[in-house]
Amino acid sequence: MKKIFTFAVILCVSVGVRAGGLMTNTNYHISFDRMMARGATFDIDATYSNPAGLAWGHEGWQLSLNFQKPWQDRDIETVIPGFMGGYNQKYNGKASAPIVPALFASYKKDRIAVSAMIGIVGSGGFVEYDNGVPMFNVPLTAMLAQSGVLPGSYTLDSQMKGKQYIYGGQINFTYKITDFLSAAVGFRANYYDGYYRGHVVAEMGGTKLVNLQLDCNQRGWGFAPIISLNYHQGPVTLAGRYEFRTKINVPNDTKVLTAEIAGMSPEQTAAVLGSKMAGYLDGVKTRYDMPALLALAVGIDFTSKLRATLEYHYFDDTHAKMANDRQKTLTHGTQEILAGVEYDINKKFTISCGAQHTDYGLSDDYQQNTSFACDSWSIGLGGAWNITEKIRLNAGYFISLYSDYEKNQGSYQGIGIAGKDIYSRTNNVIGIGIDYKF
């Protein structure tokens, strides 16, 4: 029986150290929500998406305040036909975030522009599994059954939840080199703020057999330079941006780390768990690098009212370190293709739409119950209202349509029976923002 519960606790302790995902966000301004491809813009959101393009932007000051509300599901369906008469269980993970703000500012005079932005540049939200995750629920159930302890004769209370935010502050300096070419250099400071909290408690007949309690906070800083170029002549704009890798190495601030097994002393438990507990010890550091990013865009003004942009992103995820070198399991870095179109109905109203395809380079070894990704198509639409010559209201909505990822295992979580996990996600974002020109 000791081996059964020891194995269960080992699995539980492994959960948090793998929590997270591919780290970078790209939607800060509502113009992205309603058009997607913004890499060739000269508007205030160019502060992020095309800093060099601000050389052709508004003369003088600009400010922009944006608010977005995302909501997501991150579900795992576990199917093991030969287990317990046929096991099919869906574990629902609710991911949420409060209203997410972003602030932009820029000033341009003649050939020089200075700009800045503050926002949540990576991750950004909470996820919670109220019934735990199958990576430890299933093996625990299997081992108890093998020992004659069948479901219904004991209680299992398990929960996992986590938070990840990367706050970023960016500043850029833009210079128009010639009438057609501009360049910008920038710098972003990133602050990681996250936690992992959870528990697993197994009881039988009023006796606590397993008691795991975890409360681990993580905070740390990272910095990255940014360079960009913009070529603009006539109706054509060519733009490129490169963000260097951000190294983020965060130490644990562990408030609670308790692993108790009935019949075993703390020393015996620690000896059995070994390095599995080490990842949560106070002061231990974990890598959450933000990858280098190459963004290329082509924008064309077909008429004075109709504009379109085609864009490409490459995130060098395979060289951005993650916990336990998880980045090495990816087949390639994330690649995105974006396209968007914008049309001015008149001087007051603009409508736009766009699409984005994201390919993460996923593998079975990358996908984990506590952190997984799915390739997707995103579609956005919305519009802008020029309330006055100085004030513009932006509103947008986008939805991400994910491809389910099926991970088959010849011996599901080591129980000796074939099974699979089917990972699925949903994502919706609505947003509203105000641009103001002085």
# chains A, B, ... in the order shown; residues from 1 in each chain; ligands from 1
>>> residues_around(residues="range 321-338 of chain A", least_positions_apart="3", cutoff="10 Å", atoms="only C-alpha atoms", output="PyMOL selection string")
chain A and resi 17-23+35-39+245-249+279+285-297+309-318+354-367+375-379
>>> closest_residue(among="A:Met264, A:Ala384, A:Leu238, A:Ala52", to="Tyr175 in chain A", atoms="only C-alpha atoms")
A:Ala52
>>> closest_residue(among="A:Lys390, A:Lys347, A:Lys420, A:Lys94", to="Lys163 in chain A", atoms="only C-alpha atoms")
A:Lys94
>>> select_by_dssp(residues="range 216-416 of chain A", states="alpha helix (DSSP H)", output="NGL selection string")
:A and (266-273)
>>> closest_residue(among="A:Tyr48, A:Asp301, A:Ala418, A:Tyr129", to="Gly240 in chain A", atoms="only C-alpha atoms")
A:Tyr48
>>> closest_residue(among="A:Phe136, A:Phe32, A:Phe223, A:Tyr191", to="Tyr165 in chain A", atoms="only C-alpha atoms")
A:Tyr191
>>> select_by_dssp(residues="range 33-270 of chain A", states="strand (DSSP E or B)", output="PyMOL selection string")
chain A and resi 60-80+87-96+100-109+112-129+155-176+181-204+207-233+236-243+246+249-261
>>> closest_atom_pairs(of="range 134-240 of chain A", to="range 250-259 of chain A", cutoff="8 Å", atoms="only C-alpha atoms", output="tab-separated table")
residue	atom	partner	partner_atom	distance
A:Tyr192	CA	A:Val250	CA	7.7
A:Val210	CA	A:Ala259	CA	7.6
A:Asn211	CA	A:Ala259	CA	5.9
A:Leu212	CA	A:Ala259	CA	4.6
A:Gln213	CA	A:Thr258	CA	5.0
A:Leu214	CA	A:Leu257	CA	4.8
A:Asp215	CA	A:Val256	CA	4.9
A:Cys216	CA	A:Thr254	CA	4.3
A:Asn217	CA	A:Asp253	CA	5.0
A:Gln218	CA	A:Asn252	CA	5.1
A:Arg219	CA	A:Val250	CA	5.6
A:Gly220	CA	A:Val250	CA	4.7
A:Trp221	CA	A:Val250	CA	7.6
>>> closest_residue(among="A:Ser403, A:Ser265, A:Thr178, A:Gln368", to="Ile112 in chain A", atoms="only C-alpha atoms")
A:Thr178
>>> closest_residue(among="A:Met84, A:Met160, A:Ile434, A:Leu229", to="Phe180 in chain A", atoms="only C-alpha atoms")
A:Leu229
>>> atom_distance(atom1="CA of Leu381 in chain A", atom2="CA of Asn428 in chain A")
12.2 Å
>>> decode(residues="range 352-387 of chain A", atoms="N, CA and C atoms", output="PDB file, in the first residue's frame")
ATOM      1  N   SER A 352     -13.272  46.207 -40.303  1.00  0.00           N
ATOM      2  CA  SER A 352     -12.103  45.382 -40.611  1.00  0.00           C
ATOM      3  C   SER A 352     -12.353  43.944 -40.195  1.00  0.00           C
ATOM      4  N   CYS A 353     -11.564  43.061 -40.769  1.00  0.00           N
ATOM      5  CA  CYS A 353     -11.597  41.648 -40.386  1.00  0.00           C
ATOM      6  C   CYS A 353     -10.239  41.047 -40.705  1.00  0.00           C
ATOM      7  N   GLY A 354      -9.973  39.880 -40.125  1.00  0.00           N
ATOM      8  CA  GLY A 354      -8.694  39.237 -40.356  1.00  0.00           C
ATOM      9  C   GLY A 354      -8.686  37.808 -39.860  1.00  0.00           C
ATOM     10  N   ALA A 355      -7.597  37.111 -40.161  1.00  0.00           N
ATOM     11  CA  ALA A 355      -7.453  35.717 -39.750  1.00  0.00           C
ATOM     12  C   ALA A 355      -5.996  35.425 -39.434  1.00  0.00           C
ATOM     13  N   GLN A 356      -5.797  34.420 -38.599  1.00  0.00           N
ATOM     14  CA  GLN A 356      -4.458  34.000 -38.199  1.00  0.00           C
ATOM     15  C   GLN A 356      -4.418  32.484 -38.053  1.00  0.00           C
ATOM     16  N   HIS A 357      -3.383  31.865 -38.593  1.00  0.00           N
ATOM     17  CA  HIS A 357      -3.162  30.427 -38.409  1.00  0.00           C
ATOM     18  C   HIS A 357      -1.897  30.232 -37.593  1.00  0.00           C
ATOM     19  N   THR A 358      -1.998  29.395 -36.545  1.00  0.00           N
ATOM     20  CA  THR A 358      -0.880  29.164 -35.637  1.00  0.00           C
ATOM     21  C   THR A 358      -0.509  27.693 -35.617  1.00  0.00           C
ATOM     22  N   ASP A 359       0.779  27.418 -35.885  1.00  0.00           N
ATOM     23  CA  ASP A 359       1.322  26.059 -35.875  1.00  0.00           C
ATOM     24  C   ASP A 359       2.462  26.028 -34.857  1.00  0.00           C
ATOM     25  N   TYR A 360       2.255  25.281 -33.758  1.00  0.00           N
ATOM     26  CA  TYR A 360       3.205  25.300 -32.652  1.00  0.00           C
ATOM     27  C   TYR A 360       4.368  24.323 -32.790  1.00  0.00           C
ATOM     28  N   GLY A 361       4.314  23.368 -33.696  1.00  0.00           N
ATOM     29  CA  GLY A 361       5.353  22.347 -33.737  1.00  0.00           C
ATOM     30  C   GLY A 361       5.272  21.388 -32.562  1.00  0.00           C
ATOM     31  N   LEU A 362       4.060  20.941 -32.256  1.00  0.00           N
ATOM     32  CA  LEU A 362       3.821  20.141 -31.062  1.00  0.00           C
ATOM     33  C   LEU A 362       4.283  18.695 -31.221  1.00  0.00           C
ATOM     34  N   SER A 363       4.481  18.034 -30.110  1.00  0.00           N
ATOM     35  CA  SER A 363       4.808  16.607 -30.091  1.00  0.00           C
ATOM     36  C   SER A 363       4.137  15.976 -28.884  1.00  0.00           C
ATOM     37  N   ASP A 364       4.056  14.640 -28.886  1.00  0.00           N
ATOM     38  CA  ASP A 364       3.463  13.939 -27.747  1.00  0.00           C
ATOM     39  C   ASP A 364       4.233  14.226 -26.458  1.00  0.00           C
ATOM     40  N   ASP A 365       5.563  14.317 -26.560  1.00  0.00           N
ATOM     41  CA  ASP A 365       6.363  14.555 -25.366  1.00  0.00           C
ATOM     42  C   ASP A 365       6.150  15.952 -24.801  1.00  0.00           C
ATOM     43  N   TYR A 366       5.782  16.899 -25.650  1.00  0.00           N
ATOM     44  CA  TYR A 366       5.529  18.255 -25.164  1.00  0.00           C
ATOM     45  C   TYR A 366       4.210  18.332 -24.399  1.00  0.00           C
ATOM     46  N   GLN A 367       3.202  17.624 -24.892  1.00  0.00           N
ATOM     47  CA  GLN A 367       1.866  17.745 -24.326  1.00  0.00           C
ATOM     48  C   GLN A 367       1.790  17.104 -22.943  1.00  0.00           C
ATOM     49  N   GLN A 368       1.335  17.888 -21.987  1.00  0.00           N
ATOM     50  CA  GLN A 368       1.175  17.427 -20.607  1.00  0.00           C
ATOM     51  C   GLN A 368      -0.220  17.796 -20.115  1.00  0.00           C
ATOM     52  N   ASN A 369      -0.720  17.020 -19.168  1.00  0.00           N
ATOM     53  CA  ASN A 369      -2.040  17.320 -18.616  1.00  0.00           C
ATOM     54  C   ASN A 369      -2.122  18.735 -18.060  1.00  0.00           C
ATOM     55  N   THR A 370      -1.037  19.192 -17.455  1.00  0.00           N
ATOM     56  CA  THR A 370      -1.050  20.496 -16.791  1.00  0.00           C
ATOM     57  C   THR A 370      -0.646  21.637 -17.698  1.00  0.00           C
ATOM     58  N   SER A 371      -0.220  21.343 -18.922  1.00  0.00           N
ATOM     59  CA  SER A 371       0.154  22.396 -19.861  1.00  0.00           C
ATOM     60  C   SER A 371       0.184  21.813 -21.259  1.00  0.00           C
ATOM     61  N   PHE A 372      -0.749  22.242 -22.082  1.00  0.00           N
ATOM     62  CA  PHE A 372      -0.790  21.735 -23.451  1.00  0.00           C
ATOM     63  C   PHE A 372      -1.228  22.845 -24.388  1.00  0.00           C
ATOM     64  N   ALA A 373      -0.960  22.658 -25.663  1.00  0.00           N
ATOM     65  CA  ALA A 373      -1.337  23.630 -26.692  1.00  0.00           C
ATOM     66  C   ALA A 373      -1.992  22.889 -27.844  1.00  0.00           C
ATOM     67  N   CYS A 374      -2.751  23.609 -28.655  1.00  0.00           N
ATOM     68  CA  CYS A 374      -3.402  23.056 -29.839  1.00  0.00           C
ATOM     69  C   CYS A 374      -3.279  24.064 -30.972  1.00  0.00           C
ATOM     70  N   ASP A 375      -2.926  23.585 -32.155  1.00  0.00           N
ATOM     71  CA  ASP A 375      -2.866  24.465 -33.318  1.00  0.00           C
ATOM     72  C   ASP A 375      -4.232  25.082 -33.577  1.00  0.00           C
ATOM     73  N   SER A 376      -4.233  26.266 -34.196  1.00  0.00           N
ATOM     74  CA  SER A 376      -5.515  26.968 -34.275  1.00  0.00           C
ATOM     75  C   SER A 376      -5.619  27.879 -35.497  1.00  0.00           C
ATOM     76  N   TRP A 377      -6.852  28.207 -35.811  1.00  0.00           N
ATOM     77  CA  TRP A 377      -7.223  29.304 -36.695  1.00  0.00           C
ATOM     78  C   TRP A 377      -7.961  30.332 -35.845  1.00  0.00           C
ATOM     79  N   SER A 378      -7.605  31.595 -35.990  1.00  0.00           N
ATOM     80  CA  SER A 378      -8.313  32.670 -35.294  1.00  0.00           C
ATOM     81  C   SER A 378      -8.928  33.611 -36.319  1.00  0.00           C
ATOM     82  N   ILE A 379     -10.119  34.072 -36.008  1.00  0.00           N
ATOM     83  CA  ILE A 379     -10.850  34.988 -36.893  1.00  0.00           C
ATOM     84  C   ILE A 379     -11.289  36.192 -36.073  1.00  0.00           C
ATOM     85  N   GLY A 380     -10.986  37.385 -36.571  1.00  0.00           N
ATOM     86  CA  GLY A 380     -11.345  38.597 -35.864  1.00  0.00           C
ATOM     87  C   GLY A 380     -12.129  39.555 -36.734  1.00  0.00           C
ATOM     88  N   LEU A 381     -12.946  40.377 -36.103  1.00  0.00           N
ATOM     89  CA  LEU A 381     -13.696  41.396 -36.833  1.00  0.00           C
ATOM     90  C   LEU A 381     -14.076  42.512 -35.873  1.00  0.00           C
ATOM     91  N   GLY A 382     -14.420  43.652 -36.461  1.00  0.00           N
ATOM     92  CA  GLY A 382     -14.813  44.792 -35.643  1.00  0.00           C
ATOM     93  C   GLY A 382     -14.738  46.073 -36.442  1.00  0.00           C
ATOM     94  N   GLY A 383     -14.630  47.179 -35.728  1.00  0.00           N
ATOM     95  CA  GLY A 383     -14.612  48.456 -36.419  1.00  0.00           C
ATOM     96  C   GLY A 383     -14.114  49.575 -35.537  1.00  0.00           C
ATOM     97  N   ALA A 384     -14.035  50.755 -36.137  1.00  0.00           N
ATOM     98  CA  ALA A 384     -13.591  51.955 -35.431  1.00  0.00           C
ATOM     99  C   ALA A 384     -14.540  53.099 -35.753  1.00  0.00           C
ATOM    100  N   TRP A 385     -14.728  53.963 -34.771  1.00  0.00           N
ATOM    101  CA  TRP A 385     -15.595  55.127 -34.922  1.00  0.00           C
ATOM    102  C   TRP A 385     -14.795  56.367 -34.552  1.00  0.00           C
ATOM    103  N   ASN A 386     -14.598  57.235 -35.535  1.00  0.00           N
ATOM    104  CA  ASN A 386     -13.926  58.501 -35.294  1.00  0.00           C
ATOM    105  C   ASN A 386     -14.941  59.479 -34.700  1.00  0.00           C
ATOM    106  N   ILE A 387     -15.006  59.506 -33.393  1.00  0.00           N
ATOM    107  CA  ILE A 387     -15.994  60.325 -32.710  1.00  0.00           C
ATOM    108  C   ILE A 387     -15.755  61.804 -33.010  1.00  0.00           C
TER     109      ILE A 387
END
